[in-house]
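Heads up: the structure comes next, in structure tokens.
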Amino acid sequence: MAWAWGVQRIVDAIETTANIRINPRKIAVTGCSRNGKGAIVAGAFDERIALTIPQESGSGGSACWRLSDAQKNAGQNVQTSSQIVGENVWFSPAFNSFSNSNTRLPVDHHLLAGMVAPRGLLIIENTSMEWLGNMSTYGCSKAGQAIYQALGITDRLGFSQIGGHNHCSFPSSQQSELTAFVNKFLFDQSPNTSIFRTDGSFSFDSATWMPWSIPTLS
């Protein structure tokens, strides 16, 4: 939240500075890893941000706590809520009481993606980063997409997950997707932003993890 507060103050300055030559209605926020966490929170809590692009944000970002636990229980090396509180960086101490029992939480991070709606959200992930919850971010984004589907705007949430590269590097194979979202939400163009892809092979059962009917919202 502190990073999100800082972004809000930057937007305040853009809005109130004369002759700044920056359109305050065409602002994007992005970052990778810890800054990806900050980016998605900033986009969720400030409706002035037109486009949010978290990259490899992992637990506390685009991943869902429950799905990360499922990966851990399957024997994978994944950062979970019980581990992340030991870093003493990301969350208030109030979160500690849920860290070993996150099913008690009334929310998960698909709702963070939903808070960005109806604005643009492009989630960039890395299949090779098991620690960041590669299946968790995929499934959590699927659940977030359901919120956009309920609003009839699935083309405003994109998910691109490509592996085979280092953490926070950006493969050229994802450039066209990034360009499409930038052109749509910052330059008022009409590219195809119906993007949801991974080069991974995950066992994610939507019926098990998302046992609800998607409503039609207006």
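We name chains A, B, ... following the order of the structure tokens; residues begin at 1 in each chain, and ligands are numbered from 1 as shown.
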- Message: Using only C-alpha atoms, which protein or nucleic acid residues come within 9 Å of segment 69-71 of chain A? Drop anything in the same chain fewer than 2 positions from it, and give the result as an MDAnalysis selection string.
- Response: chainID A and resid 64:67 73:81 102 133 135:136
Output of the above residues as a JSON list (two decimals), in the first residue's frame, restricted to C-alpha atoms:
```json
[["chain", "number", "residue", "atom", "x", "y", "z"],
["A", 64, "CYS", "CA", -3.80, -16.54, -5.15],
["A", 65, "TRP", "CA", -2.89, -17.74, -1.66],
["A", 66, "ARG", "CA", -5.06, -20.85, -1.87],
["A", 67, "LEU", "CA", -3.59, -21.92, -5.20],
["A", 73, "ASN", "CA", 1.13, -29.34, -1.07],
["A", 74, "ALA", "CA", 1.86, -30.99, -4.42],
["A", 75, "GLY", "CA", 5.56, -30.85, -3.61],
["A", 76, "GLN", "CA", 6.51, -27.73, -5.53],
["A", 77, "ASN", "CA", 8.81, -24.97, -4.29],
["A", 78, "VAL", "CA", 6.37, -22.08, -4.07],
["A", 79, "GLN", "CA", 6.23, -19.01, -1.87],
["A", 80, "THR", "CA", 3.12, -19.20, 0.30],
["A", 81, "SER", "CA", 1.41, -16.98, 2.84],
["A", 102, "ASN", "CA", -5.50, -18.53, 4.54],
["A", 133, "GLY", "CA", 3.48, -19.66, -8.27],
["A", 135, "MET", "CA", 0.12, -22.34, -11.71],
["A", 136, "SER", "CA", -1.22, -20.05, -9.00]]
```
Write out as CSV the residues of segment 7-48 of chain A that have any atom within 10 Å of an atom of segment 168-185 of chain A, one row each with the nearest atom pair and its distance in Å to one decimal, counting only C-alpha atoms, sorted by chain and then rising number.
```
residue,atom,partner,partner_atom,distance
A:Arg25,CA,A:Phe185,CA,9.7
A:Lys26,CA,A:Phe185,CA,7.1
A:Ile27,CA,A:Phe185,CA,8.8
A:Ala28,CA,A:Val182,CA,8.4
A:Gly31,CA,A:Cys168,CA,9.0
A:Cys32,CA,A:Cys168,CA,5.9
A:Ser33,CA,A:Cys168,CA,7.0
A:Gly36,CA,A:Cys168,CA,9.8
```
Given the selection you just returned, output its residues as a file containing all heavy atoms, formatted as a JSON list (two decimals), in the first residue's frame.
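The file below, part-v7.json, is the result:
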```json
[["chain", "number", "residue", "atom", "x", "y", "z"],
["A", 25, "ARG", "N", -5.26, 11.16, -17.90],
["A", 25, "ARG", "CA", -6.24, 10.10, -18.14],
["A", 25, "ARG", "C", -5.63, 8.93, -18.92],
["A", 25, "ARG", "O", -6.32, 7.96, -19.21],
["A", 25, "ARG", "CB", -7.44, 10.66, -18.92],
["A", 25, "ARG", "CG", -8.27, 11.64, -18.09],
["A", 25, "ARG", "CD", -9.45, 12.18, -18.87],
["A", 25, "ARG", "NE", -9.02, 12.93, -20.05],
["A", 25, "ARG", "CZ", -8.61, 14.19, -20.03],
["A", 25, "ARG", "NH1", -8.56, 14.84, -18.89],
["A", 25, "ARG", "NH2", -8.25, 14.80, -21.14],
["A", 26, "LYS", "N", -4.34, 9.03, -19.23],
["A", 26, "LYS", "CA", -3.66, 7.97, -19.98],
["A", 26, "LYS", "C", -2.38, 7.56, -19.24],
["A", 26, "LYS", "O", -1.28, 7.64, -19.78],
["A", 26, "LYS", "CB", -3.34, 8.46, -21.40],
["A", 26, "LYS", "CG", -4.57, 8.81, -22.23],
["A", 26, "LYS", "CD", -5.45, 7.58, -22.47],
["A", 26, "LYS", "CE", -6.68, 7.94, -23.29],
["A", 26, "LYS", "NZ", -7.56, 6.76, -23.48],
["A", 27, "ILE", "N", -2.55, 7.12, -18.02],
["A", 27, "ILE", "CA", -1.42, 6.74, -17.19],
["A", 27, "ILE", "C", -1.40, 5.22, -17.02],
["A", 27, "ILE", "O", -2.44, 4.59, -16.80],
["A", 27, "ILE", "CB", -1.50, 7.41, -15.82],
["A", 27, "ILE", "CG1", -1.32, 8.94, -15.97],
["A", 27, "ILE", "CG2", -0.46, 6.85, -14.85],
["A", 27, "ILE", "CD1", -1.54, 9.70, -14.69],
["A", 28, "ALA", "N", -0.22, 4.64, -17.13],
["A", 28, "ALA", "CA", -0.03, 3.21, -16.86],
["A", 28, "ALA", "C", 0.94, 3.04, -15.70],
["A", 28, "ALA", "O", 1.80, 3.90, -15.46],
["A", 28, "ALA", "CB", 0.49, 2.49, -18.10],
["A", 31, "GLY", "N", 5.71, -2.78, -13.08],
["A", 31, "GLY", "CA", 6.86, -3.14, -12.25],
["A", 31, "GLY", "C", 6.99, -4.64, -12.23],
["A", 31, "GLY", "O", 6.05, -5.36, -12.55],
["A", 32, "CYS", "N", 8.18, -5.12, -11.86],
["A", 32, "CYS", "CA", 8.42, -6.55, -11.82],
["A", 32, "CYS", "C", 8.78, -6.99, -10.40],
["A", 32, "CYS", "O", 9.38, -6.23, -9.63],
["A", 32, "CYS", "CB", 9.53, -6.94, -12.80],
["A", 32, "CYS", "SG", 9.73, -8.74, -12.95],
["A", 33, "SER", "N", 8.39, -8.20, -10.07],
["A", 33, "SER", "CA", 8.67, -8.82, -8.79],
["A", 33, "SER", "C", 8.02, -8.00, -7.66],
["A", 33, "SER", "O", 6.82, -7.79, -7.68],
["A", 33, "SER", "CB", 10.18, -8.97, -8.60],
["A", 33, "SER", "OG", 10.47, -9.89, -7.58],
["A", 36, "GLY", "N", 6.10, -5.41, -9.10],
["A", 36, "GLY", "CA", 4.87, -5.91, -9.70],
["A", 36, "GLY", "C", 3.75, -5.98, -8.68],
["A", 36, "GLY", "O", 2.59, -5.68, -8.99]]
```
- Item | Every residue of segment 56-214 of chain A that DSSP places in alpha helix (DSSP H), as an MDAnalysis selection string | chainID A and resid 65:73 81:84 110:116 134:150 175:187 206:209
- Would you please extract all strand (DSSP E or B) residues from segment 32-73 of chain A, as assigned by DSSP on the backbone, and give them as a list of chain:residue names? A:Cys32, A:Ile49, A:Ala50, A:Leu51, A:Thr52, A:Ile53, A:Pro54, A:Gln55
What would the file look like if the residues just selected were written as a PDB file, in the first residue's frame with C-alpha atoms?
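What follows is the written file out.pdb:
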```pdb
ATOM      1  CA  CYS A  32       8.419  -6.554 -11.816  1.00  0.00           C
ATOM      2  CA  ILE A  49      -4.708   4.606 -13.751  1.00  0.00           C
ATOM      3  CA  ALA A  50      -5.798   3.494 -17.211  1.00  0.00           C
ATOM      4  CA  LEU A  51      -3.538   0.464 -17.576  1.00  0.00           C
ATOM      5  CA  THR A  52      -1.926  -1.809 -14.980  1.00  0.00           C
ATOM      6  CA  ILE A  53       0.910  -4.180 -15.962  1.00  0.00           C
ATOM      7  CA  PRO A  54       2.280  -6.333 -13.120  1.00  0.00           C
ATOM      8  CA  GLN A  55       5.183  -8.558 -14.212  1.00  0.00           C
TER       9      GLN A  55
END
```
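For the set A:Ser97, A:Phe91, A:Thr30, A:Leu112, the residue with the smallest atom-to-atom gap to Phe45 of chain A is A:Leu112, counting only C-alpha atoms.
Between Arg119 of chain A and the residues A:Thr154, A:Gln83, A:Ser59, A:Ser190, the shortest atom-to-atom distance, using only C-alpha atoms, involves A:Thr154.
Near Glu56 of chain A, within a cut-off of 10 Å and counting only C-alpha atoms, sit the residues Gly31, Cys32, Ser33, Arg34, Asn35, Gly36, Lys37, Gly61, Ser62, Ala63, Ile123, Ile124, Glu125, Asn126, Thr127, Met129, Leu132, Gly133, Asn134, Thr137, Gln161, His167, Cys168 and Ser169 of chain A, with same-chain residues fewer than 5 positions away left out.
Between atom CA of Ser160 of chain A and atom CA of Asp199 of chain A the interatomic distance comes to 8.9 Å.
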- Message: Set the distance at 12 Å and use only C-alpha atoms: which residues neighbour Ile153 of chain A once local chain neighbours fewer than 2 positions away are removed? I'd like the list as a list of chain:residue names.
- Response: A:Gly114, A:Ala117, A:Pro118, A:Arg119, A:Gly120, A:Leu121, A:Gly144, A:Gln145, A:Ala146, A:Ile147, A:Tyr148, A:Gln149, A:Ala150, A:Leu151, A:Asp155, A:Arg156, A:Leu157, A:Gly158, A:Thr193, A:Ser194, A:Thr216, A:Leu217, A:Ser218
Keeping only N, CA and C atoms, take the residues you just selected and write them out as a tab-separated table (two decimals), in the first residue's frame.
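File written: out.tsv
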```
chain	number	residue	atom	x	y	z
A	114	GLY	N	-9.95	-8.00	-9.99
A	114	GLY	CA	-11.28	-7.47	-10.23
A	114	GLY	C	-11.43	-6.00	-9.86
A	117	ALA	N	-10.83	-3.66	-12.75
A	117	ALA	CA	-11.91	-3.53	-13.73
A	117	ALA	C	-12.74	-2.28	-13.47
A	118	PRO	N	-13.23	-1.65	-14.54
A	118	PRO	CA	-13.22	-2.06	-15.94
A	118	PRO	C	-12.01	-1.57	-16.74
A	119	ARG	N	-10.97	-1.13	-16.03
A	119	ARG	CA	-9.79	-0.61	-16.72
A	119	ARG	C	-8.89	-1.74	-17.22
A	120	GLY	N	-7.85	-1.38	-17.94
A	120	GLY	CA	-6.98	-2.37	-18.55
A	120	GLY	C	-6.04	-3.03	-17.56
A	121	LEU	N	-5.85	-4.35	-17.72
A	121	LEU	CA	-4.94	-5.11	-16.87
A	121	LEU	C	-4.25	-6.16	-17.72
A	144	GLY	N	-9.85	-14.05	-12.01
A	144	GLY	CA	-10.00	-12.61	-12.25
A	144	GLY	C	-10.68	-12.33	-13.56
A	145	GLN	N	-10.36	-13.14	-14.57
A	145	GLN	CA	-10.99	-12.96	-15.88
A	145	GLN	C	-12.50	-13.16	-15.80
A	146	ALA	N	-12.95	-14.03	-14.89
A	146	ALA	CA	-14.38	-14.26	-14.73
A	146	ALA	C	-15.10	-12.98	-14.32
A	147	ILE	N	-14.44	-12.13	-13.54
A	147	ILE	CA	-15.03	-10.85	-13.16
A	147	ILE	C	-15.18	-9.96	-14.38
A	148	TYR	N	-14.13	-9.92	-15.19
A	148	TYR	CA	-14.21	-9.16	-16.43
A	148	TYR	C	-15.27	-9.74	-17.37
A	149	GLN	N	-15.40	-11.06	-17.37
A	149	GLN	CA	-16.43	-11.69	-18.20
A	149	GLN	C	-17.82	-11.28	-17.74
A	150	ALA	N	-18.02	-11.21	-16.44
A	150	ALA	CA	-19.32	-10.79	-15.91
A	150	ALA	C	-19.68	-9.38	-16.36
A	151	LEU	N	-18.65	-8.56	-16.55
A	151	LEU	CA	-18.86	-7.19	-17.00
A	151	LEU	C	-18.91	-7.08	-18.52
A	155	ASP	N	-11.78	-8.63	-22.98
A	155	ASP	CA	-10.61	-8.16	-23.73
A	155	ASP	C	-9.83	-7.09	-22.98
A	156	ARG	N	-10.26	-6.74	-21.79
A	156	ARG	CA	-9.53	-5.74	-21.00
A	156	ARG	C	-8.61	-6.37	-19.96
A	157	LEU	N	-8.70	-7.69	-19.78
A	157	LEU	CA	-7.75	-8.40	-18.92
A	157	LEU	C	-6.98	-9.37	-19.79
A	158	GLY	N	-5.68	-9.17	-19.87
A	158	GLY	CA	-4.83	-10.06	-20.63
A	158	GLY	C	-3.88	-10.81	-19.72
A	193	THR	N	-6.94	-7.33	-28.03
A	193	THR	CA	-6.37	-7.56	-26.71
A	193	THR	C	-7.03	-8.75	-26.02
A	194	SER	N	-7.64	-9.62	-26.79
A	194	SER	CA	-8.20	-10.86	-26.23
A	194	SER	C	-7.06	-11.87	-26.11
A	216	THR	N	-24.18	-11.79	-15.16
A	216	THR	CA	-24.06	-10.70	-16.13
A	216	THR	C	-24.27	-9.40	-15.38
A	217	LEU	N	-23.21	-8.58	-15.32
A	217	LEU	CA	-23.27	-7.32	-14.60
A	217	LEU	C	-23.28	-6.16	-15.56
A	218	SER	N	-23.73	-5.03	-15.12
A	218	SER	CA	-23.74	-3.84	-15.97
A	218	SER	C	-23.02	-2.70	-15.25
```
- Extract, using only C-alpha atoms, all DNA, RNA and protein residues at most 7 Å from Met210 of chain A, discarding same-chain residues fewer than 3 positions from it, and format them as an MDAnalysis selection string. chainID A and resid 143 206:207
Could you turn the residues from that selection into a file that holds N, CA and C atoms, as a compact mmCIF listing (two decimals), in the first residue's frame?
```
# COMPACT_ATOMS: atom_id res chain seq x y z
N ALA A 143 -9.60 -16.76 -12.60
CA ALA A 143 -10.69 -16.32 -11.74
C ALA A 143 -10.93 -14.82 -11.89
N SER A 206 -11.15 -25.46 -13.11
CA SER A 206 -11.96 -24.27 -12.82
C SER A 206 -13.19 -24.62 -12.00
N ALA A 207 -13.81 -25.77 -12.25
CA ALA A 207 -15.03 -26.14 -11.53
C ALA A 207 -14.76 -26.34 -10.04
```
- Message: I need the residue nearest Lys142 of chain A from this list: A:Asn166, A:Thr198, A:Thr17, A:Asn23. Use only C-alpha atoms for the distance.
- Response: A:Thr198
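Atom to atom, atom CA of Leu105 of chain A and atom CA of Phe159 of chain A stand 25.0 Å apart.
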